[in-house]
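Okay, my_file26.cif is below, mmCIF, N, CA and C atoms:
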data_start
loop_
_atom_site.label_atom_id
_atom_site.label_comp_id
_atom_site.auth_asym_id
_atom_site.auth_seq_id
_atom_site.Cartn_x
_atom_site.Cartn_y
_atom_site.Cartn_z
N MET T 1 -28.05 18.47 17.68
CA MET T 1 -26.80 19.19 17.83
C MET T 1 -25.63 18.23 17.62
N GLU T 2 -24.69 18.59 16.74
CA GLU T 2 -23.56 17.73 16.42
C GLU T 2 -22.44 17.93 17.43
N LYS T 3 -21.91 16.82 17.95
CA LYS T 3 -20.81 16.88 18.91
C LYS T 3 -19.51 17.15 18.16
N THR T 4 -18.72 18.08 18.68
CA THR T 4 -17.44 18.41 18.06
C THR T 4 -16.41 17.36 18.45
N GLU T 5 -15.79 16.76 17.45
CA GLU T 5 -14.79 15.73 17.69
C GLU T 5 -13.44 16.39 17.92
N LYS T 6 -12.67 15.87 18.86
CA LYS T 6 -11.34 16.41 19.15
C LYS T 6 -10.42 16.19 17.96
N PHE T 7 -9.44 17.08 17.84
CA PHE T 7 -8.46 17.00 16.76
C PHE T 7 -7.77 15.64 16.75
N GLU T 8 -7.37 15.17 17.93
CA GLU T 8 -6.66 13.88 18.01
C GLU T 8 -7.55 12.72 17.56
N ASP T 9 -8.84 12.80 17.84
CA ASP T 9 -9.77 11.76 17.39
C ASP T 9 -9.91 11.78 15.87
N LYS T 10 -9.96 12.99 15.31
CA LYS T 10 -10.04 13.10 13.84
C LYS T 10 -8.79 12.54 13.20
N LEU T 11 -7.65 12.85 13.80
CA LEU T 11 -6.38 12.35 13.27
C LEU T 11 -6.33 10.82 13.33
N SER T 12 -6.82 10.25 14.41
CA SER T 12 -6.87 8.79 14.54
C SER T 12 -7.79 8.18 13.48
N SER T 13 -8.93 8.82 13.24
CA SER T 13 -9.85 8.35 12.20
C SER T 13 -9.19 8.39 10.83
N LEU T 14 -8.47 9.48 10.58
CA LEU T 14 -7.77 9.63 9.31
C LEU T 14 -6.70 8.53 9.14
N GLU T 15 -5.96 8.26 10.19
CA GLU T 15 -4.94 7.21 10.14
C GLU T 15 -5.56 5.84 9.88
N ALA T 16 -6.72 5.58 10.49
CA ALA T 16 -7.40 4.30 10.28
C ALA T 16 -7.84 4.15 8.83
N ILE T 17 -8.36 5.23 8.25
CA ILE T 17 -8.78 5.19 6.84
C ILE T 17 -7.59 4.94 5.94
N VAL T 18 -6.49 5.63 6.20
CA VAL T 18 -5.28 5.46 5.39
C VAL T 18 -4.79 4.01 5.48
N ASN T 19 -4.80 3.45 6.68
CA ASN T 19 -4.38 2.05 6.85
C ASN T 19 -5.28 1.11 6.05
N ASP T 20 -6.61 1.36 6.09
CA ASP T 20 -7.54 0.54 5.32
C ASP T 20 -7.23 0.62 3.83
N LEU T 21 -7.02 1.85 3.34
CA LEU T 21 -6.75 2.04 1.91
C LEU T 21 -5.42 1.42 1.50
N GLU T 22 -4.42 1.52 2.37
CA GLU T 22 -3.11 0.96 2.06
C GLU T 22 -3.10 -0.56 2.09
N SER T 23 -4.06 -1.16 2.77
CA SER T 23 -4.11 -2.62 2.87
C SER T 23 -4.39 -3.26 1.52
N GLY T 24 -5.06 -2.52 0.64
CA GLY T 24 -5.39 -3.07 -0.67
C GLY T 24 -6.56 -4.03 -0.65
N GLU T 25 -7.22 -4.17 0.49
CA GLU T 25 -8.33 -5.12 0.62
C GLU T 25 -9.69 -4.44 0.59
N VAL T 26 -9.73 -3.21 0.10
CA VAL T 26 -10.97 -2.44 0.04
C VAL T 26 -11.44 -2.39 -1.40
N ASP T 27 -12.74 -2.72 -1.62
CA ASP T 27 -13.24 -2.66 -2.99
C ASP T 27 -13.32 -1.20 -3.45
N LEU T 28 -13.45 -0.98 -4.74
CA LEU T 28 -13.37 0.35 -5.33
C LEU T 28 -14.41 1.31 -4.76
N ASP T 29 -15.66 0.88 -4.66
CA ASP T 29 -16.70 1.78 -4.14
C ASP T 29 -16.41 2.19 -2.70
N ASP T 30 -15.98 1.24 -1.89
CA ASP T 30 -15.65 1.54 -0.50
C ASP T 30 -14.41 2.44 -0.43
N ALA T 31 -13.45 2.19 -1.30
CA ALA T 31 -12.23 3.00 -1.34
C ALA T 31 -12.56 4.46 -1.68
N ILE T 32 -13.45 4.67 -2.63
CA ILE T 32 -13.85 6.02 -3.00
C ILE T 32 -14.53 6.71 -1.83
N SER T 33 -15.40 5.99 -1.15
CA SER T 33 -16.10 6.53 0.01
C SER T 33 -15.12 6.89 1.12
N LYS T 34 -14.18 5.98 1.39
CA LYS T 34 -13.18 6.22 2.44
C LYS T 34 -12.27 7.39 2.06
N TYR T 35 -11.90 7.47 0.80
CA TYR T 35 -11.05 8.57 0.34
C TYR T 35 -11.76 9.91 0.52
N THR T 36 -13.04 9.94 0.17
CA THR T 36 -13.83 11.16 0.32
C THR T 36 -13.91 11.57 1.79
N GLU T 37 -14.15 10.61 2.67
CA GLU T 37 -14.21 10.89 4.10
C GLU T 37 -12.85 11.38 4.61
N ALA T 38 -11.77 10.75 4.13
CA ALA T 38 -10.42 11.15 4.55
C ALA T 38 -10.12 12.59 4.14
N MET T 39 -10.54 12.97 2.95
CA MET T 39 -10.30 14.34 2.48
C MET T 39 -11.08 15.34 3.33
N LYS T 40 -12.30 14.98 3.72
CA LYS T 40 -13.13 15.84 4.58
C LYS T 40 -12.44 16.02 5.93
N ILE T 41 -11.98 14.92 6.51
CA ILE T 41 -11.31 14.98 7.81
C ILE T 41 -10.01 15.79 7.70
N ALA T 42 -9.24 15.58 6.63
CA ALA T 42 -7.99 16.31 6.45
C ALA T 42 -8.24 17.81 6.36
N LYS T 43 -9.30 18.19 5.68
CA LYS T 43 -9.64 19.62 5.56
C LYS T 43 -10.01 20.18 6.93
N GLU T 44 -10.82 19.45 7.70
CA GLU T 44 -11.20 19.88 9.04
C GLU T 44 -9.97 20.05 9.94
N CYS T 45 -9.05 19.10 9.85
CA CYS T 45 -7.82 19.17 10.65
C CYS T 45 -6.96 20.36 10.23
N SER T 46 -6.87 20.59 8.94
CA SER T 46 -6.09 21.71 8.43
C SER T 46 -6.65 23.04 8.92
N LEU T 47 -7.98 23.17 8.89
CA LEU T 47 -8.62 24.40 9.37
C LEU T 47 -8.38 24.58 10.87
N LYS T 48 -8.46 23.49 11.63
CA LYS T 48 -8.24 23.55 13.07
C LYS T 48 -6.81 23.98 13.37
N LEU T 49 -5.84 23.44 12.63
CA LEU T 49 -4.44 23.82 12.82
C LEU T 49 -4.22 25.29 12.47
N ALA T 50 -4.84 25.76 11.40
CA ALA T 50 -4.70 27.16 10.99
C ALA T 50 -5.24 28.09 12.08
N LYS T 51 -6.39 27.72 12.66
CA LYS T 51 -6.97 28.53 13.74
C LYS T 51 -6.06 28.53 14.97
N ALA T 52 -5.50 27.37 15.28
CA ALA T 52 -4.59 27.27 16.43
C ALA T 52 -3.35 28.11 16.20
N GLU T 53 -2.81 28.06 14.99
CA GLU T 53 -1.62 28.85 14.66
C GLU T 53 -1.92 30.34 14.77
N GLU T 54 -3.07 30.75 14.30
CA GLU T 54 -3.47 32.15 14.39
C GLU T 54 -3.56 32.58 15.85
N HIS T 55 -4.14 31.72 16.67
CA HIS T 55 -4.29 32.02 18.09
C HIS T 55 -2.93 32.10 18.78
N VAL T 56 -2.03 31.18 18.47
CA VAL T 56 -0.71 31.14 19.08
C VAL T 56 0.12 32.36 18.67
N ASN T 57 -0.11 32.87 17.48
CA ASN T 57 0.65 34.00 16.97
C ASN T 57 0.16 35.34 17.49
N LYS T 58 -0.72 35.31 18.45
CA LYS T 58 -1.18 36.53 19.13
C LYS T 58 -0.47 36.61 20.47
N ILE T 59 -0.26 37.82 20.92
CA ILE T 59 0.37 38.01 22.22
C ILE T 59 -0.49 38.98 23.03
N LEU T 60 -0.65 38.67 24.29
CA LEU T 60 -1.44 39.52 25.18
C LEU T 60 -0.53 40.63 25.72
N LYS T 61 -0.87 41.84 25.38
CA LYS T 61 -0.09 42.99 25.83
C LYS T 61 -0.47 43.36 27.26
N GLU T 62 0.33 44.20 27.89
CA GLU T 62 0.08 44.62 29.27
C GLU T 62 -1.27 45.31 29.42
N ASN T 63 -1.76 45.95 28.36
CA ASN T 63 -3.05 46.64 28.42
C ASN T 63 -4.22 45.68 28.23
N GLY T 64 -3.94 44.37 28.09
CA GLY T 64 -4.99 43.37 27.98
C GLY T 64 -5.47 43.12 26.56
N LYS T 65 -4.85 43.78 25.59
CA LYS T 65 -5.26 43.60 24.20
C LYS T 65 -4.39 42.53 23.52
N LEU T 66 -5.04 41.75 22.67
CA LEU T 66 -4.31 40.77 21.87
C LEU T 66 -3.77 41.46 20.63
N GLU T 67 -2.51 41.22 20.33
CA GLU T 67 -1.89 41.79 19.13
C GLU T 67 -1.10 40.71 18.43
N ASP T 68 -0.84 40.92 17.14
CA ASP T 68 -0.03 39.98 16.39
C ASP T 68 1.36 39.91 16.99
N PHE T 69 1.89 38.72 17.08
CA PHE T 69 3.22 38.50 17.62
C PHE T 69 4.23 38.58 16.49
N SER T 70 5.30 39.32 16.71
CA SER T 70 6.39 39.35 15.73
C SER T 70 7.70 39.49 16.47
N LEU T 71 8.72 38.88 15.92
CA LEU T 71 10.06 38.97 16.52
C LEU T 71 10.70 40.26 16.06
N ASP T 72 11.38 40.89 16.97
CA ASP T 72 12.14 42.08 16.63
C ASP T 72 13.38 41.63 15.86
N LYS T 73 13.60 42.16 14.67
CA LYS T 73 14.73 41.72 13.83
C LYS T 73 16.07 41.97 14.53
N ASP T 74 16.15 42.98 15.38
CA ASP T 74 17.39 43.28 16.08
C ASP T 74 17.71 42.26 17.17
N ASN T 75 16.66 41.53 17.63
CA ASN T 75 16.85 40.57 18.72
C ASN T 75 17.04 39.14 18.23
N GLN T 76 17.25 38.93 16.97
CA GLN T 76 17.39 37.56 16.45
C GLN T 76 18.81 37.10 16.48
#

Any chance you could put this one into structure tokens?
Amino acid sequence: MEKTEKFEDKLSSLEAIVNDLESGEVDLDDAISKYTEAMKIAKECSLKLAKAEEHVNKILKENGKLEDFSLDKDNQ
């Protein structure tokens, strides 16, 4: 069973890879591998953010049902 890594941990991993790549001290094969891993992590983070945004954009109504949240144009 694979342990789910926290978003913040993934972001830290991504930052470490970017720092390694920016250093210019990584050989080409390692750079390609790190770039591939960074893209995988970035996609995972993007999906996690999209799910969080979807969840935040729901509002719990008095009847206990979740509904899409929208601002009333008259109240802006």

Compile the contact shell of Glu44 of chain T as a VMD selection string: residues with an atom at most 12 Å away, counting only C-alpha atoms, same-chain residues fewer than 2 positions apart removed. chain T and resid 4 to 11 14 37 to 42 46 to 51

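The residues of chain T that DSSP assigns to strand (DSSP E or B) on this backbone come out as Lys58, Ile59, Leu60, Leu66, Glu67 and Asp68 of chain T.
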
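Relative to atom N of Ser70 of chain T, atom N of His55 of chain T is found at 12.1 Å.
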
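Counting from atom CA of Val26 of chain T, the distance to atom CA of Cys45 of chain T is 24.3 Å.
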
If I take atom C of Ser23 of chain T and atom CA of Lys43 of chain T, how far is one from the other in Å, to one decimal? 23.8 Å

Tell me which residues the PyMOL selection byres ((chain T and resi 57) around 7) grabs here, as a VMD selection string. chain T and resid 52 to 56 58 to 59 67 to 70

Based on DSSP run over this structure's backbone, return all residues of chain T in helix (DSSP H, G or I), as a count of residues only. 49
